[in-house]
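Dropping target_12.cif in here (mmCIF, C-alpha atoms):
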```
data_run
loop_
_atom_site.label_atom_id
_atom_site.label_comp_id
_atom_site.auth_asym_id
_atom_site.auth_seq_id
_atom_site.Cartn_x
_atom_site.Cartn_y
_atom_site.Cartn_z
CA MET U 52 112.93 71.34 149.60
CA ASN U 53 110.95 69.95 146.68
CA ALA U 54 112.25 66.70 145.25
CA LYS U 55 113.20 66.78 141.58
CA ARG U 56 110.59 65.21 139.36
CA GLU U 57 111.85 62.22 137.45
CA LEU U 58 111.44 62.25 133.71
CA THR U 59 108.92 59.90 132.21
CA PRO U 60 110.28 57.32 129.73
CA GLN U 61 108.73 59.34 126.89
CA GLU U 62 110.38 62.57 128.10
CA GLY U 63 113.72 60.83 128.48
CA GLN U 64 113.50 59.38 125.00
CA GLY U 65 112.55 62.80 123.61
CA MET U 66 115.60 64.38 125.24
CA ARG U 67 117.90 61.67 123.88
CA ILE U 68 116.50 62.13 120.38
CA GLN U 69 116.98 65.92 120.59
CA MET U 70 120.56 65.52 121.85
CA MET U 71 121.28 63.15 118.97
CA LYS U 72 119.81 65.65 116.49
CA ASP U 73 121.95 68.42 117.97
CA GLU U 74 125.06 66.22 117.67
CA HIS U 75 124.23 65.47 114.05
CA ILE U 76 123.80 69.18 113.27
CA VAL U 77 127.17 69.97 114.86
CA ALA U 78 128.82 67.20 112.81
CA ALA U 79 127.23 68.48 109.58
CA GLU U 80 128.32 72.05 110.31
CA GLN U 81 131.89 70.90 111.02
CA ALA U 82 131.93 68.98 107.75
CA ILE U 83 130.65 72.02 105.84
CA LEU U 84 133.39 74.21 107.32
CA TYR U 85 135.91 71.55 106.28
CA MET U 86 134.50 71.58 102.74
CA LYS U 87 134.72 75.37 102.54
CA SER U 88 138.38 75.32 103.53
CA HIS U 89 139.23 72.59 100.99
CA LEU U 90 137.27 73.62 97.88
CA GLU U 91 140.39 73.45 95.73
CA ASP U 92 141.24 69.93 96.92
CA ASP U 93 139.88 66.60 95.71
CA ILE U 94 138.46 65.64 99.11
CA THR U 95 136.50 62.44 99.65
CA SER U 96 133.53 61.49 101.80
CA GLU U 97 135.93 59.30 103.79
CA GLN U 98 138.09 62.33 104.62
CA MET U 99 135.04 64.35 105.67
CA ALA U 100 133.78 61.48 107.82
CA ALA U 101 137.16 61.10 109.51
CA HIS U 102 137.26 64.84 110.19
CA VAL U 103 134.02 64.70 112.20
CA GLY U 104 134.67 61.29 113.78
CA TYR U 105 132.12 59.07 112.05
CA SER U 106 132.31 56.09 109.74
CA PRO U 107 131.69 57.02 106.09
CA TYR U 108 128.32 55.23 106.11
CA HIS U 109 127.03 56.93 109.26
CA PHE U 110 128.46 60.29 108.23
CA THR U 111 126.66 60.24 104.88
CA ARG U 112 123.39 59.21 106.52
CA ILE U 113 123.69 61.87 109.26
CA PHE U 114 124.71 64.61 106.82
CA LYS U 115 121.78 63.89 104.53
CA SER U 116 119.34 63.85 107.46
CA VAL U 117 120.47 67.38 108.41
CA THR U 118 120.93 69.04 105.00
CA GLY U 119 118.64 66.98 102.76
CA ILE U 120 121.43 66.08 100.33
CA SER U 121 124.60 63.99 100.27
CA PRO U 122 128.03 65.39 101.23
CA ARG U 123 129.25 65.14 97.62
CA HIS U 124 126.21 66.99 96.35
CA TYR U 125 126.67 69.68 98.99
CA LEU U 126 130.36 70.07 98.12
CA SER U 127 129.50 70.49 94.45
CA ALA U 128 126.99 73.23 95.34
CA LEU U 129 129.55 75.01 97.53
CA ARG U 130 132.04 74.99 94.65
CA MET U 131 129.52 76.54 92.28
CA GLU U 132 128.57 79.14 94.90
CA SER U 133 132.23 80.04 95.38
CA GLY U 134 132.69 80.19 91.61
CA LYS U 135 129.78 82.63 91.30
CA SER U 136 131.28 84.83 94.01
CA ALA U 137 134.71 84.83 92.34
CA LEU U 138 133.26 85.70 88.94
CA LEU U 139 131.46 88.72 90.42
CA GLN U 140 134.63 90.11 91.98
CA ALA U 141 137.42 92.00 90.22
CA PRO U 142 138.14 90.50 86.80
CA SER U 143 140.35 87.44 87.02
CA LEU U 144 141.33 84.65 84.68
CA LEU U 145 138.69 81.95 84.39
CA VAL U 146 141.39 79.33 84.89
CA LYS U 147 142.25 80.91 88.25
CA VAL U 148 138.60 80.75 89.31
CA LEU U 149 138.10 77.12 88.32
CA LEU U 150 141.35 75.99 89.96
CA SER U 151 140.33 77.70 93.21
CA ILE U 152 137.22 75.53 93.46
CA GLY U 153 138.70 72.17 92.53
CA PHE U 154 138.23 72.00 88.75
CA ARG U 155 141.12 71.11 86.45
CA SER U 156 139.32 71.53 83.13
CA ALA U 157 137.62 74.63 81.74
CA GLY U 158 135.24 72.41 79.78
CA SER U 159 133.98 70.51 82.82
CA PHE U 160 133.65 73.75 84.80
CA ASN U 161 131.65 75.43 82.02
CA THR U 162 129.34 72.42 81.69
CA ARG U 163 128.73 72.05 85.43
CA PHE U 164 128.29 75.80 85.94
CA LYS U 165 125.69 76.06 83.17
CA GLN U 166 123.81 73.03 84.53
CA GLN U 167 123.66 74.30 88.09
CA VAL U 168 123.58 78.10 87.70
CA GLY U 169 121.61 78.29 84.46
CA VAL U 170 124.07 80.20 82.25
CA PRO U 171 127.74 79.74 81.26
CA PRO U 172 130.36 81.44 83.50
CA ARG U 173 131.20 84.18 81.00
CA ALA U 174 127.54 85.09 80.44
CA PHE U 175 126.99 85.08 84.20
CA ARG U 176 129.82 87.56 84.75
CA ILE U 177 128.95 89.85 81.83
CA GLY U 178 125.21 89.89 82.51
CA SER U 179 125.24 90.47 86.27
CA ALA U 180 125.06 94.28 86.16
CA ALA U 181 122.22 94.32 83.62
CA LEU U 182 120.26 91.71 85.58
CA THR U 183 120.72 93.73 88.78
CA ALA U 184 119.14 96.76 87.09
CA TYR U 185 116.44 94.49 85.66
CA MET U 186 115.58 93.20 89.14
CA ASN U 187 115.48 96.67 90.66
CA GLN U 188 112.90 97.99 88.19
CA PHE U 189 110.27 95.93 90.03
CA LYS U 190 110.83 98.01 93.13
CA GLU U 191 108.71 100.69 91.46
CA ARG U 192 106.98 98.72 88.71
CA GLU U 193 104.45 95.92 89.02
CA LEU U 194 105.73 92.44 88.35
CA SER U 195 103.10 90.71 86.25
CA LEU U 196 103.59 87.02 85.49
CA PRO U 197 100.98 84.58 84.12
CA VAL U 198 98.50 83.12 86.63
CA PRO U 199 96.91 79.71 85.88
CA GLY U 200 93.14 79.40 85.70
CA LYS U 201 91.36 77.98 88.73
CA GLU U 202 90.02 75.06 86.73
CA ALA U 203 93.45 73.89 85.56
CA ALA U 204 94.74 70.64 87.05
CA PRO U 205 97.04 69.45 88.39
CA GLN U 206 97.46 72.60 90.46
CA ILE U 207 99.51 73.54 93.51
CA THR U 208 98.69 76.76 95.35
CA CYS U 209 101.38 78.18 97.59
CA ARG U 210 101.09 80.77 100.36
CA ILE U 211 104.29 82.45 101.51
CA GLU U 212 104.75 83.62 105.09
CA ALA U 213 107.40 86.36 105.11
CA PRO U 214 108.62 88.74 107.84
CA ALA U 215 106.54 91.94 107.91
CA SER U 216 109.71 93.99 107.41
CA PHE U 217 110.76 92.20 104.22
CA ARG U 218 110.99 94.33 101.07
CA GLY U 219 112.14 92.67 97.89
CA LEU U 220 111.43 89.82 95.49
CA ILE U 221 110.27 86.36 96.57
CA PHE U 222 111.06 83.40 94.33
CA VAL U 223 109.09 80.15 94.55
CA GLY U 224 109.74 76.97 92.60
CA LEU U 225 109.15 73.24 92.37
CA PHE U 226 112.51 71.49 92.12
CA PRO U 227 113.35 67.84 91.40
CA ARG U 228 115.74 67.79 94.37
CA PRO U 229 115.74 69.49 97.80
CA ILE U 230 118.30 72.06 96.63
CA PRO U 231 117.89 74.81 94.00
CA ASP U 232 120.86 73.84 91.84
CA GLN U 233 119.02 73.45 88.53
CA ARG U 234 116.06 74.97 86.75
CA PRO U 235 112.77 74.32 88.54
CA ILE U 236 110.00 72.32 86.88
CA ALA U 237 107.77 75.33 87.62
CA GLY U 238 108.62 78.67 89.18
CA THR U 239 107.54 82.25 89.65
CA ALA U 240 108.40 85.45 91.50
CA LEU U 241 106.35 87.72 93.77
CA ALA U 242 106.76 91.41 94.54
CA GLY U 243 104.79 94.33 95.90
CA GLY U 244 103.56 92.48 98.95
CA LYS U 245 102.03 89.57 97.02
CA LEU U 246 102.38 86.32 98.96
CA THR U 247 100.43 83.71 97.00
CA CYS U 248 101.08 81.90 93.73
CA ALA U 249 99.87 78.84 91.86
CA PHE U 250 101.46 76.27 89.56
CA ALA U 251 99.34 74.41 87.01
CA ASP U 252 99.99 71.69 84.44
CA VAL U 253 102.88 70.40 86.53
CA PRO U 254 104.22 67.12 85.09
CA SER U 255 103.66 64.02 87.21
CA GLY U 256 106.57 63.41 89.56
CA THR U 257 108.08 64.13 92.95
CA TYR U 258 109.07 67.72 93.71
CA HIS U 259 110.38 69.93 96.49
CA ALA U 260 108.77 73.35 96.98
CA LEU U 261 111.50 75.88 97.78
CA ALA U 262 111.32 79.65 98.23
CA ALA U 263 113.76 82.51 98.80
CA GLY U 264 113.37 86.21 99.50
CA ILE U 265 115.96 88.64 98.13
CA PRO U 266 115.90 92.19 99.56
CA TRP U 267 116.27 95.13 97.19
CA SER U 268 119.93 96.04 96.63
CA LEU U 269 122.22 97.93 94.30
CA ARG U 270 125.05 95.40 94.66
CA PRO U 271 125.01 92.58 92.08
CA LYS U 272 126.44 90.10 94.57
CA ASP U 273 123.35 90.45 96.78
CA TYR U 274 121.20 89.11 93.94
CA PHE U 275 123.46 86.25 92.87
CA VAL U 276 125.25 84.97 96.00
CA LEU U 277 122.35 84.35 98.34
CA ASP U 278 124.01 83.14 101.53
CA ARG U 279 122.12 85.80 103.53
CA ALA U 280 118.76 85.55 101.76
CA ILE U 281 115.76 84.40 103.77
CA ARG U 282 114.46 81.06 102.60
CA GLY U 283 112.04 78.25 103.32
CA LYS U 284 110.72 74.95 102.02
CA TYR U 285 107.67 72.78 102.28
CA PRO U 286 108.66 70.13 104.84
CA SER U 287 107.97 67.09 102.69
CA ALA U 288 108.32 66.08 99.05
CA ILE U 289 105.22 66.66 96.92
CA GLU U 290 103.86 63.83 94.77
CA VAL U 291 102.09 65.20 91.69
CA ASN U 292 99.73 63.31 89.40
CA ASP U 293 97.05 64.45 86.96
CA GLN U 294 94.49 64.77 89.77
CA THR U 295 96.62 66.79 92.20
CA GLU U 296 95.03 69.85 93.78
CA LEU U 297 97.08 70.92 96.75
CA GLY U 298 97.50 73.99 98.93
CA ILE U 299 100.79 74.48 100.78
CA ALA U 300 102.42 77.14 102.95
CA ILE U 301 106.11 78.02 103.15
CA GLN U 302 107.51 80.15 105.96
CA LEU U 303 110.58 82.20 105.09
CA ARG U 304 113.30 82.35 107.76
CA ASP U 305 116.89 83.46 108.16
CA PRO U 306 119.48 81.06 106.71
CA LEU U 307 120.92 78.31 108.90
CA PRO U 308 124.63 77.34 108.80
CA TYR U 309 123.83 73.99 107.19
CA ASP U 310 121.35 75.19 104.55
CA PRO U 311 122.45 74.11 101.04
CA PRO U 312 123.49 77.03 98.81
CA ILE U 313 120.96 78.58 96.43
CA VAL U 314 122.98 77.89 93.30
CA ILE U 315 120.62 78.61 90.39
CA SER U 316 120.62 82.22 89.16
CA LEU U 317 117.22 83.50 90.27
CA PRO U 318 117.53 86.83 88.39
CA GLN U 319 118.20 84.90 85.18
CA LEU U 320 115.13 82.73 85.78
CA LEU U 321 112.97 85.82 86.34
CA PHE U 322 114.26 87.48 83.17
CA GLU U 323 113.51 84.36 81.12
CA LYS U 324 110.08 83.87 82.71
CA ASN U 325 109.05 87.48 82.11
CA LYS U 326 110.37 87.43 78.54
CA GLU U 327 108.43 84.23 77.88
CA SER U 328 105.18 85.70 79.24
CA ASN U 329 105.61 88.91 77.22
CA THR U 330 106.24 86.90 74.04
CA ALA U 331 103.08 84.88 74.63
CA LYS U 332 100.87 87.99 74.90
#
```
Any chance you could put this one into structure tokens?
Amino acid sequence: MNAKRELTPQEGQGMRIQMMKDEHIVAAEQAILYMKSHLEDDITSEQMAAHVGYSPYHFTRIFKSVTGISPRHYLSALRMESGKSALLQAPSLLVKVLLSIGFRSAGSFNTRFKQQVGVPPRAFRIGSAALTAYMNQFKERELSLPVPGKEAAPQITCRIEAPASFRGLIFVGLFPRPIPDQRPIAGTALAGGKLTCAFADVPSGTYHALAAGIPWSLRPKDYFVLDRAIRGKYPSAIEVNDQTELGIAIQLRDPLPYDPPIVISLPQLLFEKNKESNTAK
């Protein structure tokens, strides 16, 4: 009988690190489930930490290492995502929607929704059908958005790696934070098999390159509540200055249970971007 080989110190350390990462992912997923079941409540980070068995300090640090954002930020995004879903369902009173996701004031809900989704709640609900039809026209028609000149700087070129079976629109943007819950500093959309794009004249700063692929659909919810959309991100933050010339690649994958919600309305961004480019012609 062959004796079992002992692990080297490096292998043992690697296993311990992986086990710790797995434990952190489990804790983050448990916290997210807790958030989803208490959206209408004024829950605190201390309550979330107690639920998963960590001190508030360690819980916040662990949660951010897994998701990229703080628990409070994640909870806010979940509430907006739930609000979007409720607004797209059978007509209901706005007050009922905002109470179901923890808001007590219509004014604060309207302000937060517009900041994170891109349009006020009423406009989001009314415009969803028209934006769905707008999106679907690019299934048969070429999507033509402005392309920066090769000499323009700073410039970031992005190559998207998508599953061969994917059919739909791919959105790519540079965001101030590692979650798409506000308008990007720069963004575009790709269709018809195109997988490369470029951003020029990007203001100096630190950005996160995020991408999402939305399959063609006739249901408005599939274009606005993107919990099943493939997505990806460049693994590190991008520092941009006036000399930046960078090429990056983003691989699109199926969503993971701890991925932050895609809160911003991507169809609305595409409509505005296309309208802007047509006006400039």
Near-Ile281 in chain U list (6 Å; all atoms listed in the file; drop same-chain fewer than 5 positions) as a list in words: Ala263, Gly264, Leu303, Arg304, Asp305 and Pro306 of chain U
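The coordinates place CA of Met86 in chain U at 11.7 Å from CA of Val103 in chain U.
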Residues in the PyMOL selection byres ((chain U and resi 254) around 12), expressed as a list in words: Ala204, Pro205, Gln206, Ile207, Leu225, Phe226, Pro227, Pro235, Ile236, Ala237, Phe250, Ala251, Asp252, Val253, Ser255, Gly256, Thr257, Tyr258, Ile289, Glu290, Val291, Asn292, Asp293, Gln294 and Thr295 of chain U
Atom-to-atom span, CA of Ser121 in chain U and CA of Asp232 in chain U, Å: 13.5 Å
Surrounding residues of range 148-161 of chain U excluding itself and chain neighbours under 5 positions, 10 Å, only C-alpha atoms, as a VMD selection string: chain U and resid 87 89 to 94 126 to 127 129 to 138 143 166 170 to 173
Exercise: Val223 in chain U partners within 7 Å, all atoms listed in the file, chain neighbours under 3 positions left out, as a PyMOL selection string: chain U and resi 238-240+261-263
Separation of CA of Ala249 in chain U from CA of Tyr185 in chain U in Å: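 These two atoms are separated by 23.6 Å.
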Answer key for the PyMOL selection byres ((chain U and resi 315) around 8), residues as an NGL selection string: :U and (167-169 or 231-234 or 313-314 or 316-317)
Test item: the PyMOL selection byres ((chain U and resi 272-274) around 9) resolved as a list in words: Lys135, Ser136, Leu139, Gln140, Ser179, Leu182, Thr183, Met186, Ile265, Pro266, Trp267, Ser268, Leu269, Arg270, Pro271, Phe275, Val276, Leu277, Asp278, Arg279, Ala280, Ser316, Leu317 and Pro318 of chain U
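Closest approach to Gly119 in chain U from the set U:Asn325, U:Ser287, U:Asn187, U:Ser88 is made by U:Ser287, with distances taken over only C-alpha atoms.
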Residues near Leu246 in chain U, cut-off 8 Å, all atoms listed in the file, skip fewer than 6 positions along chain, as JSON, numbers by chain: {"U": [210, 211, 212, 213]}
Nearest candidate to Pro311 in chain U (options U:Gly244, U:Gly178, U:Gly283, U:Gly104; using all atoms listed in the file):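 When distances to Pro311 in chain U are compared using all atoms listed in the file, the smallest one comes from U:Gly283.
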Selected residue of minimal separation from Tyr309 in chain U among U:Ser106, U:Thr111, U:Thr95, U:Thr118, counting only C-alpha atoms: U:Thr118
